[in-house]
file coords_25.tsv (TSV, C-alpha atoms and all ligand atoms)
chain	number	residue	atom	x	y	z
A	1	MET	CA	162.29	-69.16	-42.14
A	2	ILE	CA	160.27	-68.84	-45.36
A	3	GLU	CA	159.23	-65.33	-46.37
A	4	THR	CA	155.91	-65.12	-48.22
A	5	PRO	CA	155.80	-62.98	-51.38
A	6	PHE	CA	153.28	-60.38	-50.13
A	7	ASN	CA	154.96	-57.56	-48.09
A	8	TYR	CA	151.79	-57.60	-46.02
A	9	THR	CA	151.09	-54.72	-43.62
A	10	GLY	CA	151.25	-56.09	-40.07
A	11	SER	CA	153.11	-59.22	-41.15
A	12	LYS	CA	154.45	-61.29	-38.28
A	13	PHE	CA	157.53	-62.37	-40.25
A	14	LYS	CA	159.98	-60.41	-38.07
A	15	LEU	CA	158.47	-61.80	-34.87
A	16	LEU	CA	158.45	-65.46	-35.93
A	17	GLU	CA	161.59	-66.38	-34.01
A	18	GLN	CA	159.81	-65.36	-30.83
A	19	LEU	CA	156.40	-66.81	-31.74
A	20	LEU	CA	157.23	-70.24	-33.14
A	21	PRO	CA	158.65	-71.77	-29.91
A	22	GLU	CA	155.51	-70.64	-28.06
A	23	PHE	CA	152.91	-72.63	-30.05
A	24	ASP	CA	151.34	-75.73	-28.50
A	25	LYS	CA	152.66	-78.60	-30.63
A	26	THR	CA	150.70	-81.27	-28.74
A	27	LYS	CA	147.68	-80.41	-30.94
A	28	SER	CA	147.28	-81.88	-34.43
A	29	THR	CA	145.65	-78.98	-36.30
A	30	PHE	CA	146.96	-75.43	-36.55
A	31	VAL	CA	144.48	-72.67	-37.43
A	32	ASP	CA	145.70	-69.30	-38.73
A	33	VAL	CA	142.45	-67.38	-38.19
A	34	PHE	CA	143.71	-64.02	-39.52
A	35	THR	CA	146.15	-65.24	-42.17
A	36	GLY	CA	146.97	-61.99	-44.02
A	37	GLY	CA	150.29	-62.50	-45.82
A	38	GLY	CA	150.57	-65.97	-44.30
A	39	SER	CA	154.00	-65.79	-42.67
A	40	VAL	CA	152.78	-67.76	-39.66
A	41	TYR	CA	151.04	-70.77	-41.26
A	42	THR	CA	153.84	-71.08	-43.82
A	43	ASN	CA	156.37	-71.65	-41.05
A	44	VAL	CA	154.46	-74.23	-38.98
A	45	LEU	CA	153.56	-76.63	-41.81
A	46	ASP	CA	156.09	-79.23	-40.64
A	47	LYS	CA	154.76	-79.15	-37.07
A	48	TYR	CA	151.06	-80.07	-37.57
A	49	LYS	CA	149.10	-82.79	-39.37
A	50	SER	CA	146.78	-80.20	-40.86
A	51	VAL	CA	146.83	-76.43	-41.18
A	52	ILE	CA	143.73	-74.28	-41.72
A	53	VAL	CA	144.29	-70.95	-43.47
A	54	ASN	CA	141.54	-68.34	-43.06
A	55	ASP	CA	141.03	-64.66	-43.85
A	56	ILE	CA	137.94	-62.54	-44.44
A	57	ILE	CA	139.41	-61.30	-47.76
A	58	THR	CA	138.32	-64.06	-50.12
A	59	ASP	CA	140.61	-63.04	-52.98
A	60	LEU	CA	143.59	-63.06	-50.62
A	61	ILE	CA	142.81	-66.66	-49.71
A	62	GLY	CA	142.38	-67.26	-53.46
A	63	ILE	CA	145.99	-66.14	-53.97
A	64	HIS	CA	147.34	-68.44	-51.22
A	65	LYS	CA	145.35	-71.38	-52.56
A	66	GLY	CA	146.12	-70.55	-56.18
A	67	LEU	CA	149.85	-70.70	-55.44
A	68	LEU	CA	149.45	-74.13	-53.87
A	69	ASP	CA	147.67	-75.57	-56.87
A	70	SER	CA	149.75	-74.42	-59.88
A	71	ASP	CA	151.70	-71.58	-61.51
A	72	ASN	CA	148.60	-70.31	-63.39
A	73	ILE	CA	147.94	-67.51	-60.95
A	74	ILE	CA	151.53	-66.28	-61.36
A	75	SER	CA	151.28	-65.87	-65.13
A	76	LYS	CA	147.78	-64.34	-64.90
A	77	THR	CA	148.99	-61.83	-62.28
A	78	LYS	CA	152.06	-60.87	-64.33
A	79	SER	CA	149.90	-60.24	-67.37
A	80	LEU	CA	147.60	-57.96	-65.33
A	81	CYS	CA	150.36	-55.85	-63.72
A	82	PRO	CA	150.47	-52.47	-65.50
A	83	GLY	CA	154.23	-52.12	-64.84
A	84	LYS	CA	156.21	-48.98	-64.06
A	85	GLY	CA	155.29	-45.58	-65.47
A	86	ASN	CA	151.71	-46.61	-66.23
A	87	PRO	CA	149.26	-44.87	-63.86
A	88	VAL	CA	146.47	-45.11	-66.45
A	89	GLY	CA	146.93	-48.88	-66.67
A	90	PHE	CA	146.78	-49.04	-62.87
A	91	GLY	CA	143.49	-47.08	-62.86
A	92	THR	CA	142.02	-49.52	-65.38
A	93	LEU	CA	143.22	-52.53	-63.36
A	94	ARG	CA	141.66	-51.08	-60.21
A	95	ASP	CA	138.33	-50.29	-61.92
A	96	ASN	CA	138.25	-53.77	-63.45
A	97	TYR	CA	139.01	-55.36	-60.08
A	98	ASN	CA	136.31	-53.38	-58.28
A	99	GLY	CA	133.78	-54.37	-60.96
A	100	ASN	CA	134.88	-57.96	-61.24
A	101	PRO	CA	137.14	-59.11	-58.34
A	102	SER	CA	139.54	-62.03	-58.70
A	103	PRO	CA	142.59	-63.31	-56.78
A	104	GLU	CA	144.98	-62.42	-59.63
A	105	GLY	CA	143.44	-58.93	-59.88
A	106	LEU	CA	143.99	-58.33	-56.17
A	107	TRP	CA	147.54	-59.64	-56.31
A	108	ALA	CA	148.38	-57.43	-59.32
A	109	LEU	CA	147.00	-54.43	-57.40
A	110	MET	CA	148.95	-55.33	-54.24
A	111	LEU	CA	152.16	-55.55	-56.27
A	112	SER	CA	151.54	-52.27	-58.11
A	113	CYS	CA	150.15	-49.97	-55.42
A	114	THR	CA	151.78	-47.49	-53.02
A	115	ASN	CA	153.92	-49.28	-50.41
A	116	ASN	CA	152.33	-52.59	-51.49
A	117	MET	CA	149.68	-51.58	-48.99
A	118	MET	CA	146.19	-52.66	-49.97
A	119	ARG	CA	143.43	-50.35	-48.85
A	120	PHE	CA	139.67	-50.64	-49.20
A	121	ASN	CA	136.95	-48.04	-48.66
A	122	GLN	CA	133.88	-48.61	-46.51
A	123	LYS	CA	132.15	-50.24	-49.48
A	124	PHE	CA	135.07	-52.71	-49.71
A	125	LYS	CA	136.31	-51.26	-53.00
A	126	PHE	CA	140.09	-51.22	-53.48
A	127	ASN	CA	141.18	-47.56	-53.30
A	128	GLN	CA	144.96	-47.51	-52.84
A	129	THR	CA	146.97	-45.29	-55.22
A	130	TYR	CA	149.53	-46.31	-57.85
A	131	GLY	CA	153.00	-47.09	-56.47
A	132	ASP	CA	154.93	-47.23	-59.76
A	133	ARG	CA	156.01	-50.81	-59.12
A	134	GLY	CA	155.15	-54.32	-60.29
A	135	PHE	CA	156.14	-57.98	-60.33
A	136	SER	CA	159.89	-57.69	-59.65
A	137	ASP	CA	162.72	-60.23	-59.70
A	138	ALA	CA	162.68	-60.14	-55.89
A	139	THR	CA	158.98	-61.06	-55.96
A	140	GLN	CA	159.72	-63.94	-58.32
A	141	ARG	CA	162.44	-65.26	-55.99
A	142	LYS	CA	160.09	-65.12	-52.99
A	143	VAL	CA	157.32	-66.80	-55.01
A	144	ASN	CA	159.68	-69.63	-55.97
A	145	ASN	CA	160.77	-70.25	-52.37
A	146	PHE	CA	157.23	-70.01	-51.07
A	147	THR	CA	155.63	-72.35	-53.61
A	148	GLU	CA	158.43	-74.90	-53.35
A	149	HIS	CA	157.86	-75.02	-49.60
A	150	ILE	CA	154.05	-75.05	-49.35
A	151	ARG	CA	153.58	-77.59	-52.16
A	152	LYS	CA	155.41	-80.17	-50.04
A	153	PHE	CA	152.47	-79.96	-47.64
A	154	LYS	CA	149.69	-79.90	-50.25
A	155	ASP	CA	147.60	-82.61	-48.60
A	156	ASN	CA	147.69	-80.94	-45.17
A	157	LEU	CA	146.39	-77.49	-46.13
A	158	ILE	CA	142.75	-76.39	-45.86
A	159	TYR	CA	141.63	-72.92	-47.02
A	160	LEU	CA	138.67	-70.96	-45.65
A	161	SER	CA	137.41	-67.42	-46.07
A	162	THR	CA	134.97	-66.65	-43.33
A	163	GLN	CA	134.36	-64.31	-40.39
A	164	PHE	CA	136.50	-65.62	-37.52
A	165	GLU	CA	133.51	-66.51	-35.37
A	166	ASN	CA	132.25	-69.05	-37.93
A	167	ILE	CA	135.30	-71.28	-37.53
A	168	ASP	CA	134.37	-74.67	-36.13
A	169	ILE	CA	136.51	-75.13	-33.00
A	170	GLN	CA	137.78	-78.64	-32.15
A	171	SER	CA	139.69	-79.58	-29.00
A	172	ASP	CA	142.75	-80.81	-30.96
A	173	MET	CA	143.40	-77.36	-32.46
A	174	MET	CA	146.15	-74.83	-31.86
A	175	ILE	CA	144.35	-71.63	-32.83
A	176	TYR	CA	146.48	-68.58	-33.64
A	177	LEU	CA	144.78	-65.19	-33.76
A	178	ASP	CA	146.45	-62.08	-35.15
A	179	PRO	CA	143.48	-59.70	-35.52
A	180	PRO	CA	143.54	-56.09	-36.75
A	181	TYR	CA	144.22	-53.53	-33.99
A	182	GLY	CA	141.29	-53.56	-31.57
A	183	ARG	CA	139.37	-50.94	-29.63
A	184	ILE	CA	140.80	-49.15	-26.61
A	185	LYS	CA	139.64	-49.34	-23.01
A	186	ASN	CA	138.03	-46.13	-21.72
A	187	ASP	CA	138.96	-44.76	-18.29
A	188	ASP	CA	135.78	-46.31	-16.85
A	189	GLY	CA	136.68	-49.76	-18.29
A	190	THR	CA	134.15	-49.68	-21.11
A	191	ILE	CA	135.05	-50.35	-24.73
A	192	GLY	CA	136.18	-47.25	-26.65
A	193	LYS	CA	137.42	-46.10	-30.04
A	194	LYS	CA	139.55	-48.08	-32.52
A	195	GLN	CA	143.30	-48.09	-31.87
A	196	ILE	CA	145.11	-46.15	-34.55
A	197	SER	CA	146.46	-48.26	-37.39
A	198	GLU	CA	147.13	-47.55	-41.03
A	199	ALA	CA	146.38	-51.08	-42.17
A	200	GLY	CA	143.90	-51.12	-45.03
A	201	TYR	CA	142.16	-54.31	-43.92
A	202	ASN	CA	140.78	-52.39	-40.92
A	203	SER	CA	137.70	-51.62	-42.99
A	204	PHE	CA	136.82	-55.29	-42.55
A	205	TRP	CA	136.88	-54.94	-38.75
A	206	LEU	CA	133.36	-54.06	-37.66
A	207	LYS	CA	131.91	-52.32	-34.62
A	208	ASP	CA	131.13	-55.38	-32.50
A	209	ASP	CA	134.08	-57.50	-33.61
A	210	ASP	CA	136.18	-56.89	-30.48
A	211	VAL	CA	133.41	-58.23	-28.26
A	212	LYS	CA	132.77	-61.16	-30.61
A	213	LEU	CA	136.50	-61.94	-30.67
A	214	TYR	CA	136.68	-61.92	-26.88
A	215	GLU	CA	133.73	-64.34	-26.76
A	216	PHE	CA	135.27	-66.52	-29.49
A	217	ILE	CA	138.54	-66.80	-27.53
A	218	LYS	CA	136.66	-67.74	-24.36
A	219	LYS	CA	134.83	-70.40	-26.38
A	220	ILE	CA	138.13	-71.81	-27.67
A	221	ASP	CA	139.29	-72.13	-24.08
A	222	SER	CA	136.06	-73.75	-22.87
A	223	ILE	CA	136.21	-76.37	-25.66
A	224	GLY	CA	139.75	-77.35	-24.57
A	225	ALA	CA	141.57	-76.13	-27.67
A	226	SER	CA	144.73	-74.02	-27.36
A	227	PHE	CA	144.89	-70.40	-28.39
A	228	MET	CA	147.53	-67.76	-28.87
A	229	VAL	CA	146.41	-64.21	-29.57
A	230	SER	CA	148.90	-61.51	-30.56
A	231	GLY	CA	148.29	-57.83	-30.27
A	232	VAL	CA	149.30	-54.45	-29.01
A	233	LEU	CA	148.40	-54.14	-25.33
A	234	TYR	CA	149.48	-50.50	-24.99
A	235	HIS	CA	149.93	-47.95	-27.73
A	236	ASP	CA	150.43	-44.24	-27.22
A	237	GLY	CA	149.19	-44.43	-23.63
A	238	LYS	CA	146.04	-46.38	-24.55
A	239	THR	CA	145.18	-49.95	-23.50
A	240	CYS	CA	143.57	-52.54	-25.80
A	241	TRP	CA	140.16	-53.47	-24.34
A	242	MET	CA	140.10	-57.10	-25.47
A	243	LEU	CA	143.67	-58.04	-24.46
A	244	ASP	CA	143.25	-56.30	-21.11
A	245	LYS	CA	140.06	-58.28	-20.45
A	246	LEU	CA	141.74	-61.62	-21.24
A	247	ILE	CA	144.59	-60.78	-18.86
A	248	ALA	CA	142.07	-59.81	-16.16
A	249	ASP	CA	140.47	-63.26	-16.72
A	250	GLY	CA	143.80	-64.83	-15.71
A	251	PHE	CA	145.31	-65.90	-19.05
A	252	LYS	CA	149.07	-65.62	-19.14
A	253	TYR	CA	150.84	-63.16	-21.35
A	254	LYS	CA	154.36	-62.50	-22.57
A	255	GLU	CA	155.91	-59.41	-24.06
A	256	ILE	CA	157.25	-59.61	-27.62
A	257	LYS	CA	160.09	-57.33	-28.63
A	258	TYR	CA	159.55	-55.21	-31.69
A	259	ASP	CA	160.33	-51.60	-32.40
A	260	TYR	CA	157.23	-50.23	-34.04
A	261	ASN	CA	158.47	-46.68	-33.47
A	262	LYS	CA	160.40	-46.95	-36.70
A	263	VAL	CA	157.18	-47.29	-38.67
A	264	SER	CA	154.93	-45.15	-36.50
A	265	ARG	CA	153.45	-42.21	-38.33
A	266	LYS	CA	154.27	-39.64	-35.66
A	267	GLY	CA	157.27	-41.50	-34.18
A	268	ASN	CA	158.06	-41.90	-30.51
A	269	LYS	CA	154.85	-43.66	-29.57
A	270	GLU	CA	155.46	-46.38	-27.07
A	271	THR	CA	153.99	-49.70	-28.11
A	272	THR	CA	153.84	-52.97	-26.15
A	273	GLU	CA	153.21	-56.04	-28.27
A	274	ILE	CA	152.20	-59.21	-26.42
A	275	ILE	CA	150.96	-62.75	-26.87
A	276	ILE	CA	148.33	-64.31	-24.61
A	277	THR	CA	147.98	-68.10	-24.36
A	278	ASN	CA	145.86	-70.63	-22.46
A	279	TYR	CA	148.21	-73.64	-22.29
A	280	VAL	CA	151.25	-74.81	-20.38
A	281	GLU	CA	152.50	-77.68	-22.52
A	282	LYS	CA	154.22	-76.72	-25.76
A	283	ASN	CA	156.09	-79.71	-27.19
B	301	LIG	C1	147.14	-58.25	-38.62
B	301	LIG	S1	146.58	-58.95	-40.13
B	301	LIG	C2	147.29	-60.56	-40.07
B	301	LIG	C3	148.72	-60.56	-40.46
B	301	LIG	C4	149.33	-61.96	-40.60
B	301	LIG	N1	149.49	-62.63	-39.32
B	301	LIG	C5	150.68	-61.92	-41.32
B	301	LIG	O1	151.69	-62.35	-40.77
B	301	LIG	O2	150.68	-61.44	-42.47
B	301	LIG	C6	144.87	-59.23	-39.81
B	301	LIG	C7	144.07	-59.94	-40.92
B	301	LIG	O3	142.74	-60.14	-40.43
B	301	LIG	C8	141.84	-60.12	-41.52
B	301	LIG	N2	140.47	-59.89	-41.01
B	301	LIG	C9	139.88	-58.69	-40.71
B	301	LIG	N3	138.64	-58.90	-40.21
B	301	LIG	C10	138.44	-60.26	-40.20
B	301	LIG	C11	137.36	-61.10	-39.77
B	301	LIG	N4	136.24	-60.57	-39.28
B	301	LIG	N5	137.50	-62.45	-39.88
B	301	LIG	C12	138.65	-62.99	-40.40
B	301	LIG	N6	139.70	-62.23	-40.82
B	301	LIG	C13	139.61	-60.89	-40.72
B	301	LIG	C14	142.40	-59.00	-42.39
B	301	LIG	O4	141.96	-59.15	-43.74
B	301	LIG	C15	143.91	-59.16	-42.22
B	301	LIG	O5	144.47	-59.89	-43.28

call {"tool": "encode", "arguments": {"input": "coords_25.tsv", "output": "structure tokens", "more": "lines below"}}
Ligand SMILES: C[S@@+](CC[C@H](N)C(=O)[O-])C[C@H]1O[C@@H](n2cnc3c(N)ncnc32)[C@H](O)[C@@H]1O
result
Amino acid sequence: MIETPFNYTGSKFKLLEQLLPEFDKTKSTFVDVFTGGGSVYTNVLDKYKSVIVNDIITDLIGIHKGLLDSDNIISKTKSLCPGKGNPVGFGTLRDNYNGNPSPEGLWALMLSCTNNMMRFNQKFKFNQTYGDRGFSDATQRKVNNFTEHIRKFKDNLIYLSTQFENIDIQSDMMIYLDPPYGRIKNDDGTIGKKQISEAGYNSFWLKDDDVKLYEFIKKIDSIGASFMVSGVLYHDGKTCWMLDKLIADGFKYKEIKYDYNKVSRKGNKETTEIIITNYVEKN
């Protein structure tokens, strides 16, 4: 399994062993709709003729694509990292990024900020604090492994940065969806508040996105493409509206084992992570 160099919040890396056997490999194109740190697309490159990599954060896609093309982004990012013991340099980097965003600026911020956890405010300005860290030897090792692997599949990779609902669905696609935590189901079945999550990219998840995502998944199914959606069905006694609705529509689901309690803010909150799929054949 190849680990990507991003320490991305919500990464599926630890769940890959359970997810990979479940994808429909009869399709020729794999689509990672919510790519994030990219642990999923990276590990299916040998299984599909083409792989589409998408995320709403354009500079994040710029990092993935930049690493495919050459080592330029690595040297640019290293030169931007303020290093340890340099909070003032971090502040300057962040101000510069917010005024003039670039993939290398975002990557330098991700590497330098608290818990490597990128966070944006409602105006989509990066606002995470300094983490007294930078481009480490461990990062370099992960970068080397990652680039060596993805560059073997250079001609098969396609990069997009668009809202999920703009993706052009074709029947020969295996579409994987790992969206931010969705809204909960109210007692009367209506759509409620956002599930609690600390992930910074939640600011990109807008009010109607759960409904749009539900409709997008139904469209995938009606076109004859395959989908797998991952998510948290129950968290802290609350049910996810969108996943619950897909199950009520008759799509099959499977529980995925992962102990989120270890990272939960208040601890001891029971969480059920699942995948929902619309296909029978897998190989
Ligand atoms: C749970 S993370 C994906 C994690 C990823 N599977 C991994 O292993 O690293 C969800 C991603 O969805 C992206 N996102 C949020 N809103 C989006 C939208 N409307 N369209 C596409 N991507 C979106 C976020 O930027 C974030 O990277």

call {"tool": "axis_aligned_box", "arguments": {"input": "coords_25.tsv", "around": "stretch 32-43 of chain A", "padding_each_side": "4 Å", "output": "lines of an AutoDock Vina configuration file"}}
result
center_x = 149.4
center_y = -66.8
center_z = -42.0
size_x = 21.9
size_y = 17.7
size_z = 15.6

call {"tool": "residues_near_ligand", "arguments": {"input": "coords_25.tsv", "ligand": "ligand LIG 301 (chain B)", "cutoff": "7 Å", "atoms": "all atoms listed in the file", "output": "ChimeraX atom specification"}}
result
/A:8-13,33-40,54-57,162-164,178-180,201-202,204-205,209

call {"tool": "write_last_selection", "arguments": {"input": "coords_25.tsv", "atoms": "C-alpha atoms", "output": "mmCIF file, in the coordinates of the input"}}
result
data_model
loop_
_atom_site.group_PDB
_atom_site.id
_atom_site.type_symbol
_atom_site.label_atom_id
_atom_site.label_comp_id
_atom_site.auth_asym_id
_atom_site.auth_seq_id
_atom_site.Cartn_x
_atom_site.Cartn_y
_atom_site.Cartn_z
ATOM 1 C CA TYR A 8 151.790 -57.600 -46.020
ATOM 2 C CA THR A 9 151.090 -54.720 -43.620
ATOM 3 C CA GLY A 10 151.250 -56.090 -40.070
ATOM 4 C CA SER A 11 153.110 -59.220 -41.150
ATOM 5 C CA LYS A 12 154.450 -61.290 -38.280
ATOM 6 C CA PHE A 13 157.530 -62.370 -40.250
ATOM 7 C CA VAL A 33 142.450 -67.380 -38.190
ATOM 8 C CA PHE A 34 143.710 -64.020 -39.520
ATOM 9 C CA THR A 35 146.150 -65.240 -42.170
ATOM 10 C CA GLY A 36 146.970 -61.990 -44.020
ATOM 11 C CA GLY A 37 150.290 -62.500 -45.820
ATOM 12 C CA GLY A 38 150.570 -65.970 -44.300
ATOM 13 C CA SER A 39 154.000 -65.790 -42.670
ATOM 14 C CA VAL A 40 152.780 -67.760 -39.660
ATOM 15 C CA ASN A 54 141.540 -68.340 -43.060
ATOM 16 C CA ASP A 55 141.030 -64.660 -43.850
ATOM 17 C CA ILE A 56 137.940 -62.540 -44.440
ATOM 18 C CA ILE A 57 139.410 -61.300 -47.760
ATOM 19 C CA THR A 162 134.970 -66.650 -43.330
ATOM 20 C CA GLN A 163 134.360 -64.310 -40.390
ATOM 21 C CA PHE A 164 136.500 -65.620 -37.520
ATOM 22 C CA ASP A 178 146.450 -62.080 -35.150
ATOM 23 C CA PRO A 179 143.480 -59.700 -35.520
ATOM 24 C CA PRO A 180 143.540 -56.090 -36.750
ATOM 25 C CA TYR A 201 142.160 -54.310 -43.920
ATOM 26 C CA ASN A 202 140.780 -52.390 -40.920
ATOM 27 C CA PHE A 204 136.820 -55.290 -42.550
ATOM 28 C CA TRP A 205 136.880 -54.940 -38.750
ATOM 29 C CA ASP A 209 134.080 -57.500 -33.610
#

call {"tool": "residues_around", "arguments": {"input": "coords_25.tsv", "residues": "A:Asn186", "least_positions_apart": "3", "cutoff": "9 Å", "atoms": "all atoms listed in the file", "output": "list of chain:residue names"}}
result
A:Gly189, A:Thr190, A:Ile191, A:Gly192, A:Lys193, A:Lys238, A:Thr239, A:Trp241

call {"tool": "closest_residue", "arguments": {"input": "coords_25.tsv", "among": "A:His235, A:Lys27, A:Lys207, A:Lys219", "to": "A:Gln195", "atoms": "all atoms listed in the file"}}
result
A:His235

call {"tool": "closest_residue", "arguments": {"input": "coords_25.tsv", "among": "A:Phe153, A:Tyr181, A:Tyr48, A:Phe146", "to": "A:Pro5", "atoms": "all atoms listed in the file"}}
result
A:Phe146

call {"tool": "closest_residue", "arguments": {"input": "coords_25.tsv", "among": "A:Gln122, A:Thr129, A:Thr77, A:Gln170", "to": "A:Glu104", "atoms": "only C-alpha atoms"}}
result
A:Thr77

call {"tool": "residues_around", "arguments": {"input": "coords_25.tsv", "residues": "A:Phe216", "least_positions_apart": "2", "cutoff": "12 Å", "atoms": "all atoms listed in the file", "output": "list in words"}}
result
Val33, Gln163, Phe164, Glu165, Asn166, Ile167, Asp168, Ile169, Ile175, Leu177, Asp209, Asp210, Val211, Lys212, Leu213, Tyr214, Lys218, Lys219, Ile220, Asp221, Ser222, Ile223, Ala225, Phe227, Val229, Met242 and Leu246 of chain A

call {"tool": "residues_around", "arguments": {"input": "coords_25.tsv", "residues": "A:Asp59", "least_positions_apart": "2", "cutoff": "12 Å", "atoms": "all atoms listed in the file", "output": "MDAnalysis selection string"}}
result
chainID A and resid 36 54:57 61:66 73 97:98 100:110 126 159:162

call {"tool": "write_last_selection", "arguments": {"input": "coords_25.tsv", "atoms": "C-alpha atoms", "output": "CSV table (one decimal), in the coordinates of the input"}}
result
chain,number,residue,atom,x,y,z
A,36,GLY,CA,147.0,-62.0,-44.0
A,54,ASN,CA,141.5,-68.3,-43.1
A,55,ASP,CA,141.0,-64.7,-43.8
A,56,ILE,CA,137.9,-62.5,-44.4
A,57,ILE,CA,139.4,-61.3,-47.8
A,61,ILE,CA,142.8,-66.7,-49.7
A,62,GLY,CA,142.4,-67.3,-53.5
A,63,ILE,CA,146.0,-66.1,-54.0
A,64,HIS,CA,147.3,-68.4,-51.2
A,65,LYS,CA,145.4,-71.4,-52.6
A,66,GLY,CA,146.1,-70.6,-56.2
A,73,ILE,CA,147.9,-67.5,-61.0
A,97,TYR,CA,139.0,-55.4,-60.1
A,98,ASN,CA,136.3,-53.4,-58.3
A,100,ASN,CA,134.9,-58.0,-61.2
A,101,PRO,CA,137.1,-59.1,-58.3
A,102,SER,CA,139.5,-62.0,-58.7
A,103,PRO,CA,142.6,-63.3,-56.8
A,104,GLU,CA,145.0,-62.4,-59.6
A,105,GLY,CA,143.4,-58.9,-59.9
A,106,LEU,CA,144.0,-58.3,-56.2
A,107,TRP,CA,147.5,-59.6,-56.3
A,108,ALA,CA,148.4,-57.4,-59.3
A,109,LEU,CA,147.0,-54.4,-57.4
A,110,MET,CA,149.0,-55.3,-54.2
A,126,PHE,CA,140.1,-51.2,-53.5
A,159,TYR,CA,141.6,-72.9,-47.0
A,160,LEU,CA,138.7,-71.0,-45.6
A,161,SER,CA,137.4,-67.4,-46.1
A,162,THR,CA,135.0,-66.6,-43.3

call {"tool": "atom_distance", "arguments": {"input": "coords_25.tsv", "atom1": "atom CA of A:Thr26", "atom2": "atom CA of A:Ser171"}}
result
11.1 Å

call {"tool": "atom_distance", "arguments": {"input": "coords_25.tsv", "atom1": "atom CA of A:Thr277", "atom2": "atom CA of A:Ile52"}}
result
18.9 Å

call {"tool": "decode", "arguments": {"input": "coords_25.tsv", "residues": "stretch 133-144 of chain A", "atoms": "C-alpha atoms", "output": "JSON list (two decimals), in the first residue's frame"}}
result
[["chain", "number", "residue", "atom", "x", "y", "z"],
["A", 133, "ARG", "CA", 7.00, 21.78, 11.87],
["A", 134, "GLY", "CA", 8.07, 21.62, 8.24],
["A", 135, "PHE", "CA", 9.29, 19.45, 5.38],
["A", 136, "SER", "CA", 10.80, 16.53, 7.33],
["A", 137, "ASP", "CA", 12.87, 13.53, 6.27],
["A", 138, "ALA", "CA", 9.76, 11.38, 6.75],
["A", 139, "THR", "CA", 7.89, 13.66, 4.32],
["A", 140, "GLN", "CA", 10.72, 13.32, 1.81],
["A", 141, "ARG", "CA", 10.60, 9.51, 2.05],
["A", 142, "LYS", "CA", 6.82, 9.49, 1.48],
["A", 143, "VAL", "CA", 7.19, 11.93, -1.43],
["A", 144, "ASN", "CA", 9.78, 9.66, -3.05]]
